[in-house]
>>> print(open('upload.txt').read())   # compact mmCIF, C-alpha atoms
# COMPACT_ATOMS: atom_id res chain seq x y z
CA MET A 1 -192.74 -5.12 -95.22
CA PRO A 2 -190.78 -2.88 -97.67
CA ALA A 3 -187.65 -4.38 -99.21
CA LEU A 4 -185.19 -2.01 -97.49
CA THR A 5 -186.85 -2.51 -94.11
CA ARG A 6 -186.40 -6.27 -94.54
CA ALA A 7 -182.81 -5.87 -95.71
CA LEU A 8 -181.94 -3.73 -92.67
CA ASP A 9 -183.58 -6.08 -90.17
CA VAL A 10 -181.32 -7.26 -87.35
CA THR A 11 -182.79 -9.94 -85.08
CA ASP A 12 -180.83 -11.46 -82.20
CA GLY A 13 -177.61 -10.02 -83.60
CA ARG A 14 -178.09 -11.51 -87.08
CA ALA A 15 -178.99 -10.13 -90.47
CA ARG A 16 -179.28 -11.77 -93.87
CA LEU A 17 -177.63 -10.56 -97.07
CA ASP A 18 -179.07 -11.60 -100.42
CA ARG A 19 -177.78 -10.91 -103.92
CA SER A 20 -180.52 -8.45 -104.78
CA TRP A 21 -178.49 -5.99 -102.67
CA TRP A 22 -175.15 -6.66 -104.39
CA SER A 23 -173.02 -3.90 -105.95
CA TRP A 24 -170.37 -5.11 -108.41
CA ALA A 25 -168.69 -8.07 -106.66
CA GLY A 26 -170.15 -7.87 -103.15
CA PRO A 27 -172.95 -6.54 -100.95
CA HIS A 28 -173.72 -2.85 -101.09
CA GLY A 29 -171.42 -1.09 -98.62
CA GLY A 30 -174.01 1.46 -97.51
CA LEU A 31 -176.44 -1.35 -96.71
CA VAL A 32 -173.88 -3.19 -94.57
CA ALA A 33 -173.04 0.09 -92.83
CA GLY A 34 -176.76 0.61 -92.21
CA LEU A 35 -176.94 -2.84 -90.62
CA CYS A 36 -174.09 -1.85 -88.30
CA LEU A 37 -176.04 1.24 -87.28
CA ARG A 38 -179.21 -0.78 -86.79
CA ALA A 39 -177.34 -3.29 -84.59
CA GLY A 40 -175.54 -0.67 -82.53
CA SER A 41 -178.37 1.81 -81.93
CA PRO A 42 -180.06 -0.09 -79.04
CA ALA A 43 -176.74 -0.06 -77.17
CA LEU A 44 -176.64 3.76 -77.26
CA GLY A 45 -179.21 3.83 -74.47
CA GLU A 46 -182.61 5.41 -74.01
CA GLY A 47 -183.02 8.88 -75.48
CA ARG A 48 -179.78 8.83 -77.48
CA VAL A 49 -180.04 8.89 -81.27
CA PRO A 50 -177.30 8.22 -83.86
CA ARG A 51 -175.17 11.32 -84.50
CA ALA A 52 -172.17 9.94 -86.37
CA MET A 53 -170.64 6.67 -87.53
CA HIS A 54 -167.25 5.65 -88.87
CA VAL A 55 -167.02 2.43 -90.87
CA LEU A 56 -164.03 0.42 -92.15
CA PHE A 57 -164.70 -2.14 -94.88
CA LEU A 58 -162.09 -4.86 -94.42
CA GLU A 59 -163.44 -7.40 -96.90
CA PRO A 60 -166.72 -8.13 -98.73
CA ALA A 61 -169.37 -9.59 -96.46
CA PRO A 62 -170.54 -13.05 -97.61
CA GLU A 63 -173.98 -13.90 -98.89
CA GLY A 64 -176.33 -15.29 -96.26
CA ASP A 65 -176.24 -14.80 -92.50
CA LEU A 66 -174.23 -11.90 -91.10
CA VAL A 67 -173.40 -11.91 -87.39
CA LEU A 68 -173.26 -8.45 -85.80
CA GLY A 69 -171.65 -7.80 -82.44
CA THR A 70 -171.71 -4.68 -80.26
CA ALA A 71 -169.70 -3.36 -77.32
CA VAL A 72 -170.22 -0.10 -75.42
CA LEU A 73 -166.92 1.83 -75.44
CA ARG A 74 -168.13 4.82 -73.46
CA GLU A 75 -171.37 5.96 -71.87
CA GLY A 76 -171.85 9.41 -70.39
CA GLY A 77 -174.80 11.56 -69.45
CA ALA A 78 -175.70 12.80 -72.92
CA SER A 79 -173.66 10.62 -75.26
CA ALA A 80 -172.42 7.09 -75.83
CA VAL A 81 -169.95 5.37 -78.16
CA VAL A 82 -170.56 1.82 -79.39
CA ALA A 83 -168.27 -0.47 -81.38
CA VAL A 84 -169.93 -2.73 -83.95
CA THR A 85 -168.55 -5.69 -85.88
CA ALA A 86 -170.13 -7.36 -88.90
CA GLY A 87 -168.37 -10.71 -89.05
CA ALA A 88 -164.83 -10.26 -90.34
CA ALA A 89 -165.99 -7.80 -92.98
CA VAL A 90 -166.66 -4.52 -91.20
CA ARG A 91 -165.62 -2.59 -88.11
CA ALA A 92 -167.70 0.43 -87.15
CA THR A 93 -167.90 3.00 -84.37
CA LEU A 94 -171.28 4.59 -83.66
CA VAL A 95 -171.73 7.81 -81.69
CA GLY A 96 -175.12 8.70 -80.24
CA GLY A 97 -176.40 11.52 -78.10
CA ARG A 98 -179.36 13.36 -76.64
CA SER A 99 -180.46 16.80 -77.81
CA ARG A 100 -179.25 19.79 -75.79
CA GLY A 101 -180.23 23.41 -76.39
CA THR A 102 -182.09 25.11 -79.23
CA SER A 103 -179.37 26.95 -81.18
CA ALA A 104 -179.01 25.80 -84.81
CA LEU A 105 -176.88 26.52 -87.88
CA SER A 106 -176.43 24.88 -91.28
CA ARG A 107 -174.07 25.91 -94.10
CA VAL A 108 -174.87 22.86 -96.25
CA VAL A 109 -177.52 24.16 -98.63
CA ALA A 110 -179.41 22.03 -101.12
CA PRO A 111 -178.74 22.89 -104.78
CA VAL A 112 -181.54 24.60 -106.67
CA VAL A 113 -182.83 21.98 -109.14
CA PRO A 114 -186.14 20.98 -110.76
CA GLY A 115 -188.42 18.74 -108.72
CA PRO A 116 -188.51 14.99 -109.31
CA ASP A 117 -191.64 15.23 -111.49
CA ASP A 118 -189.66 17.38 -113.94
CA CYS A 119 -186.56 15.16 -114.14
CA PRO A 120 -185.96 12.11 -116.39
CA ASP A 121 -185.67 8.56 -115.12
CA LEU A 122 -182.25 6.89 -114.96
CA GLU A 123 -181.98 3.11 -115.12
CA LEU A 124 -178.98 1.68 -113.30
CA PRO A 125 -177.28 -1.34 -114.95
CA VAL A 126 -178.67 -4.03 -112.62
CA GLU A 127 -176.37 -6.64 -114.17
CA LEU A 128 -173.48 -4.71 -112.51
CA VAL A 129 -175.27 -3.20 -109.51
CA PRO A 130 -178.26 -5.43 -108.62
CA PHE A 131 -179.27 -3.17 -105.71
CA GLY A 132 -180.35 -0.64 -108.35
CA ARG A 133 -183.61 -2.52 -108.86
CA HIS A 134 -184.70 -1.24 -105.44
CA LEU A 135 -184.32 2.43 -106.42
CA ASP A 136 -185.81 5.07 -108.67
CA LEU A 137 -183.25 7.70 -109.75
CA ARG A 138 -183.95 10.93 -111.60
CA PRO A 139 -180.89 13.07 -112.43
CA ALA A 140 -181.60 16.66 -111.38
CA THR A 141 -178.91 18.36 -113.49
CA ALA A 142 -177.80 18.16 -117.11
CA ALA A 143 -174.82 15.99 -116.15
CA PRO A 144 -175.89 12.30 -116.14
CA PRO A 145 -173.33 9.64 -115.14
CA LEU A 146 -170.87 8.30 -117.73
CA ALA A 147 -171.60 11.05 -120.24
CA GLY A 148 -168.01 12.31 -120.24
CA GLY A 149 -168.82 15.59 -118.51
CA GLU A 150 -166.45 18.08 -116.91
CA GLU A 151 -167.44 18.01 -113.24
CA PRO A 152 -166.98 15.01 -110.89
CA GLU A 153 -170.36 15.60 -109.29
CA LEU A 154 -173.80 14.01 -109.63
CA VAL A 155 -177.12 15.27 -108.26
CA SER A 156 -180.24 13.15 -108.38
CA TRP A 157 -183.63 12.65 -106.84
CA VAL A 158 -183.79 9.18 -105.31
CA ARG A 159 -186.61 7.13 -103.84
CA LEU A 160 -187.16 3.51 -102.89
CA VAL A 161 -189.30 1.43 -105.26
CA GLU A 162 -191.02 0.08 -102.13
CA ASP A 163 -191.46 3.16 -99.96
CA ALA A 164 -190.08 2.85 -96.43
CA PRO A 165 -189.29 5.24 -93.56
CA LEU A 166 -185.91 6.87 -94.11
CA ASP A 167 -184.38 6.69 -90.67
CA ALA A 168 -180.63 6.92 -89.96
CA ALA A 169 -179.95 3.34 -91.16
CA ALA A 170 -181.85 3.86 -94.42
CA LEU A 171 -180.11 7.22 -94.99
CA THR A 172 -176.75 5.51 -94.55
CA PHE A 173 -177.69 3.26 -97.47
CA LEU A 174 -178.84 6.23 -99.59
CA LEU A 175 -175.61 8.16 -98.97
CA ASP A 176 -173.84 5.35 -100.83
CA ALA A 177 -176.58 4.65 -103.39
CA MET A 178 -175.50 7.07 -106.12
CA PRO A 179 -173.02 6.17 -108.86
CA PRO A 180 -169.47 7.28 -107.99
CA ALA A 181 -169.02 11.01 -108.52
CA LEU A 182 -166.13 10.32 -110.90
CA TYR A 183 -168.79 9.12 -113.33
CA GLY A 184 -169.70 12.76 -113.79
CA ALA A 185 -166.30 13.38 -115.38
CA THR A 186 -165.72 10.18 -117.35
CA ALA A 187 -167.40 7.80 -119.76
CA THR A 188 -165.47 4.80 -118.40
CA PRO A 189 -167.39 2.66 -115.83
CA VAL A 190 -164.49 1.66 -113.56
CA ALA A 191 -165.21 0.02 -110.20
CA VAL A 192 -164.81 2.43 -107.26
CA PRO A 193 -165.31 0.41 -104.05
CA THR A 194 -165.48 2.13 -100.66
CA VAL A 195 -162.89 1.23 -98.02
CA GLU A 196 -163.86 3.82 -95.41
CA LEU A 197 -167.08 5.73 -94.74
CA SER A 198 -167.91 8.48 -92.25
CA VAL A 199 -171.52 9.60 -91.77
CA SER A 200 -173.14 12.30 -89.67
CA PHE A 201 -176.84 12.88 -89.07
CA THR A 202 -179.01 15.86 -88.30
CA GLU A 203 -181.52 15.97 -85.47
CA ALA A 204 -183.64 12.78 -85.57
CA PRO A 205 -183.48 12.43 -89.38
CA THR A 206 -186.62 10.96 -90.91
CA ALA A 207 -188.25 11.28 -94.33
CA THR A 208 -190.21 9.30 -96.90
CA GLY A 209 -190.49 9.34 -100.67
CA TRP A 210 -188.16 11.40 -102.83
CA VAL A 211 -184.92 12.79 -101.39
CA LEU A 212 -182.23 14.80 -103.15
CA VAL A 213 -178.74 13.27 -103.13
CA ARG A 214 -175.51 14.96 -104.22
CA ILE A 215 -172.15 13.22 -104.47
CA SER A 216 -168.90 15.05 -105.32
CA THR A 217 -165.32 13.88 -105.75
CA ARG A 218 -162.93 16.07 -103.73
CA THR A 219 -159.69 14.45 -104.84
CA ALA A 220 -158.75 11.59 -107.21
CA ALA A 221 -155.20 10.41 -107.85
CA GLY A 222 -153.03 7.32 -107.65
CA GLY A 223 -155.93 4.88 -107.76
CA TRP A 224 -157.78 6.48 -104.82
CA CYS A 225 -160.49 9.13 -104.46
CA VAL A 226 -162.49 10.90 -101.77
CA ASP A 227 -166.22 11.52 -102.25
CA ASP A 228 -168.54 13.75 -100.21
CA SER A 229 -172.30 13.18 -100.27
CA GLU A 230 -175.40 14.80 -98.80
CA VAL A 231 -179.10 13.91 -98.55
CA TRP A 232 -181.91 16.50 -98.29
CA ASP A 233 -185.67 16.06 -98.08
CA ARG A 234 -188.03 17.77 -100.55
CA GLU A 235 -188.22 20.85 -98.30
CA GLY A 236 -184.43 21.30 -98.50
CA ARG A 237 -183.69 20.10 -94.97
CA LEU A 238 -180.35 18.35 -94.61
CA LEU A 239 -180.83 14.81 -93.30
CA ALA A 240 -177.35 13.27 -93.48
CA GLN A 241 -173.89 13.82 -94.94
CA GLY A 242 -170.98 11.50 -95.54
CA ARG A 243 -167.41 11.16 -96.79
CA GLN A 244 -165.95 8.05 -98.43
CA THR A 245 -162.40 7.01 -99.17
CA ARG A 246 -162.50 4.77 -102.25
CA ARG A 247 -160.22 2.73 -104.44
CA VAL A 248 -160.36 3.39 -108.18
CA LEU A 249 -159.80 0.08 -109.99
CA GLY A 250 -158.73 1.34 -113.39
CA GLU A 251 -157.86 4.43 -115.40
CA TRP A 252 -160.77 6.78 -115.88
CA ALA A 253 -159.14 9.79 -117.59
>>> encode(input="upload.txt", output="structure tokens")
Amino acid sequence: MPALTRALDVTDGRARLDRSWWSWAGPHGGLVAGLCLRAGSPALGEGRVPRAMHVLFLEPAPEGDLVLGTAVLREGGASAVVAVTAGAAVRATLVGGRSRGTSALSRVVAPVVPGPDDCPDLELPVELVPFGRHLDLRPATAAPPLAGGEEPELVSWVRLVEDAPLDAAALTFLLDAMPPALYGATATPVAVPTVELSVSFTEAPTATGWVLVRISTRTAAGGWCVDDSEVWDREGRLLAQGRQTRRVLGEWA
């Protein structure tokens, strides 16, 4: 079983967190959010798929067993809303729904960049972010992280070292897998933990292999920042998008 599939496994309302998925001083926030989605999805009901999720990170989840609880807040004909708890660490709200109609529109277009075979490898500092050992990253622009650039934006091809289906839970992890976008505009590796995450998904998002991830800082001031991120497949189809409110634990400019 691939590493991410194991890490996102929820059995009888329990998951297990190990230190290979740590980021800085605690478990990777996107992974814990993905576990909340995995736990809450069965409660959405037959035919309803995850459409959006809002997550509050109250404290770092501990190593070892994580107890996940769910409660249906609302269930209608086409949609349902489920509350999810992950111990004392996380509170999440998951929205799911059935497809209706055929009309479609997307204004979120993938940037034009070289393919992954034409981009250099980037090694994440696993002593600081151990979860990086599970990923291959290839920056797709000339602005690598922590190079003191001008734009608070990073674009990279990303894939799992052990390939696994990229369903909504896995995409939630990948939305938070990139270095903070501030690292595109600084050479100082300050910690930027997420306190709030909102994610939305396209129609039944699935992919494998390389995906393109972009993360951009919208605002940064007073020790806080807001990052937007998107994930596309190799054909340029949008799979998921997210917004994070983050603390900035140090001066970066």
>>> residues_around(input="upload.txt", residues="Glu153 in chain A", least_positions_apart="6", cutoff="9 Å", atoms="only C-alpha atoms", output="number ranges by chain")
A: 143, 145, 180-185, 214-217
>>> closest_residue(input="upload.txt", among="A:Ser23, A:Met53, A:Pro111, A:Gly223", to="Pro125 in chain A", atoms="all atoms listed in the file")
A:Ser23
>>> closest_residue(input="upload.txt", among="A:Asp167, A:Val195, A:Asp136, A:Arg38", to="Thr70 in chain A", atoms="only C-alpha atoms")
A:Arg38
>>> atom_distance(input="upload.txt", atom1="CA of Val161 in chain A", atom2="CA of Val231 in chain A")
17.5 Å
>>> atom_distance(input="upload.txt", atom1="CA of Ala187 in chain A", atom2="CA of Val213 in chain A")
20.9 Å
>>> residues_near_point(input="upload.txt", point="(-183.9, 13.5, -101.0)", cutoff="7 Å", atoms="all atoms listed in the file", output="ChimeraX atom specification")
/A:157-158,210-213,231-234
>>> closest_residue(input="upload.txt", among="A:Leu171, A:Val155, A:Ser41, A:Ala253", to="Ala110 in chain A", atoms="all atoms listed in the file")
A:Val155
>>> decode(input="upload.txt", residues="range 6-131 of chain A", atoms="C-alpha atoms", output="short mmCIF file (atom, residue, chain, number, x, y, z; two decimals), in the first residue's frame")
data_model
loop_
_atom_site.label_atom_id
_atom_site.label_comp_id
_atom_site.auth_asym_id
_atom_site.auth_seq_id
_atom_site.Cartn_x
_atom_site.Cartn_y
_atom_site.Cartn_z
CA ARG A 6 -1.58 4.29 4.61
CA ALA A 7 -1.23 7.71 6.22
CA LEU A 8 -4.79 8.66 5.21
CA ASP A 9 -6.33 5.41 6.41
CA VAL A 10 -9.18 5.80 8.89
CA THR A 11 -10.46 2.57 10.44
CA ASP A 12 -13.24 2.52 13.04
CA GLY A 13 -12.83 6.26 13.57
CA ARG A 14 -9.08 6.07 14.23
CA ALA A 15 -5.98 7.03 12.31
CA ARG A 16 -2.31 6.90 13.20
CA LEU A 17 0.17 9.76 12.88
CA ASP A 18 3.87 9.01 12.64
CA ARG A 19 6.81 11.40 12.52
CA SER A 20 7.60 10.75 8.88
CA TRP A 21 4.64 13.07 8.19
CA TRP A 22 5.81 15.88 10.49
CA SER A 23 6.27 19.48 9.32
CA TRP A 24 8.39 21.67 11.60
CA ALA A 25 7.08 20.95 15.13
CA GLY A 26 3.96 18.90 14.42
CA PRO A 27 2.08 16.73 11.93
CA HIS A 28 1.52 18.10 8.46
CA GLY A 29 -1.67 20.17 8.53
CA GLY A 30 -2.83 19.13 5.06
CA LEU A 31 -2.50 15.47 6.05
CA VAL A 32 -4.61 15.94 9.19
CA ALA A 33 -7.17 17.86 7.13
CA GLY A 34 -7.19 14.97 4.64
CA LEU A 35 -7.89 12.56 7.49
CA CYS A 36 -10.87 14.70 8.49
CA LEU A 37 -12.17 14.49 4.94
CA ARG A 38 -11.58 10.74 4.83
CA ALA A 39 -13.46 10.29 8.13
CA GLY A 40 -16.37 12.53 7.17
CA SER A 41 -16.97 11.40 3.59
CA PRO A 42 -18.99 8.23 4.43
CA ALA A 43 -21.41 10.37 6.44
CA LEU A 44 -22.21 12.50 3.37
CA GLY A 45 -24.41 9.69 2.08
CA GLU A 46 -24.57 7.66 -1.11
CA GLY A 47 -23.87 9.58 -4.31
CA ARG A 48 -22.56 12.71 -2.59
CA VAL A 49 -18.90 13.61 -3.10
CA PRO A 50 -16.80 16.19 -1.21
CA ARG A 51 -17.28 19.71 -2.59
CA ALA A 52 -15.74 21.92 0.09
CA MET A 53 -14.19 21.74 3.53
CA HIS A 54 -13.31 24.31 6.18
CA VAL A 55 -10.71 23.36 8.79
CA LEU A 56 -9.59 25.06 12.02
CA PHE A 57 -6.27 23.94 13.52
CA LEU A 58 -6.59 24.48 17.26
CA GLU A 59 -3.39 22.75 18.37
CA PRO A 60 -0.86 20.26 16.95
CA ALA A 61 -2.20 16.72 16.83
CA PRO A 62 -0.09 14.29 18.91
CA GLU A 63 1.98 11.44 17.54
CA GLY A 64 0.22 8.08 17.57
CA ASP A 65 -3.50 7.35 17.53
CA LEU A 66 -5.88 10.09 16.41
CA VAL A 67 -9.58 9.70 17.20
CA LEU A 68 -11.91 11.18 14.57
CA GLY A 69 -15.57 11.87 15.24
CA THR A 70 -18.35 12.85 12.82
CA ALA A 71 -21.84 14.32 13.13
CA VAL A 72 -24.29 15.09 10.33
CA LEU A 73 -25.34 18.75 10.61
CA ARG A 74 -27.68 18.80 7.65
CA GLU A 75 -28.85 16.35 5.01
CA GLY A 76 -30.96 17.37 2.03
CA GLY A 77 -31.79 15.87 -1.33
CA ALA A 78 -28.59 16.78 -3.15
CA SER A 79 -26.24 17.93 -0.39
CA ALA A 80 -25.12 17.23 3.15
CA VAL A 81 -22.97 18.96 5.77
CA VAL A 82 -20.88 16.95 8.23
CA ALA A 83 -18.88 18.15 11.24
CA VAL A 84 -15.60 16.35 11.93
CA THR A 85 -13.34 16.45 14.98
CA ALA A 86 -9.78 15.15 15.21
CA GLY A 87 -9.21 14.84 18.94
CA ALA A 88 -8.75 18.28 20.47
CA ALA A 89 -6.56 19.40 17.57
CA VAL A 90 -8.88 20.08 14.65
CA ARG A 91 -12.47 21.05 13.92
CA ALA A 92 -13.68 20.70 10.34
CA THR A 93 -16.88 21.11 8.36
CA LEU A 94 -17.29 19.04 5.19
CA VAL A 95 -19.82 19.82 2.47
CA GLY A 96 -20.77 17.16 -0.06
CA GLY A 97 -23.21 17.02 -2.93
CA ARG A 98 -24.47 15.20 -5.99
CA SER A 99 -23.93 16.46 -9.52
CA ARG A 100 -26.76 18.44 -11.12
CA GLY A 101 -26.83 19.73 -14.69
CA THR A 102 -24.16 19.94 -17.38
CA SER A 103 -23.22 23.64 -17.51
CA ALA A 104 -19.56 24.35 -16.65
CA LEU A 105 -17.19 27.31 -16.29
CA SER A 106 -13.65 27.76 -14.98
CA ARG A 107 -11.64 31.00 -14.72
CA VAL A 108 -8.74 29.36 -12.84
CA VAL A 109 -6.26 28.59 -15.62
CA ALA A 110 -3.04 26.66 -15.15
CA PRO A 111 0.13 28.68 -15.78
CA VAL A 112 2.08 27.88 -18.92
CA VAL A 113 5.27 26.16 -17.72
CA PRO A 114 7.68 23.45 -18.91
CA GLY A 115 6.66 19.86 -18.21
CA PRO A 116 8.10 17.98 -15.23
CA ASP A 117 10.71 16.21 -17.39
CA ASP A 118 12.19 19.63 -18.23
CA CYS A 119 12.31 21.00 -14.66
CA PRO A 120 15.04 20.51 -12.02
CA ASP A 121 14.58 18.51 -8.83
CA LEU A 122 14.16 20.33 -5.51
CA GLU A 123 15.12 18.59 -2.28
CA LEU A 124 13.14 19.73 0.75
CA PRO A 125 15.08 19.97 4.04
CA VAL A 126 13.73 16.78 5.65
CA GLU A 127 15.37 17.69 8.97
CA LEU A 128 12.81 20.55 9.16
CA VAL A 129 9.93 19.06 7.16
CA PRO A 130 10.15 15.24 7.37
CA PHE A 131 7.05 14.80 5.19
#
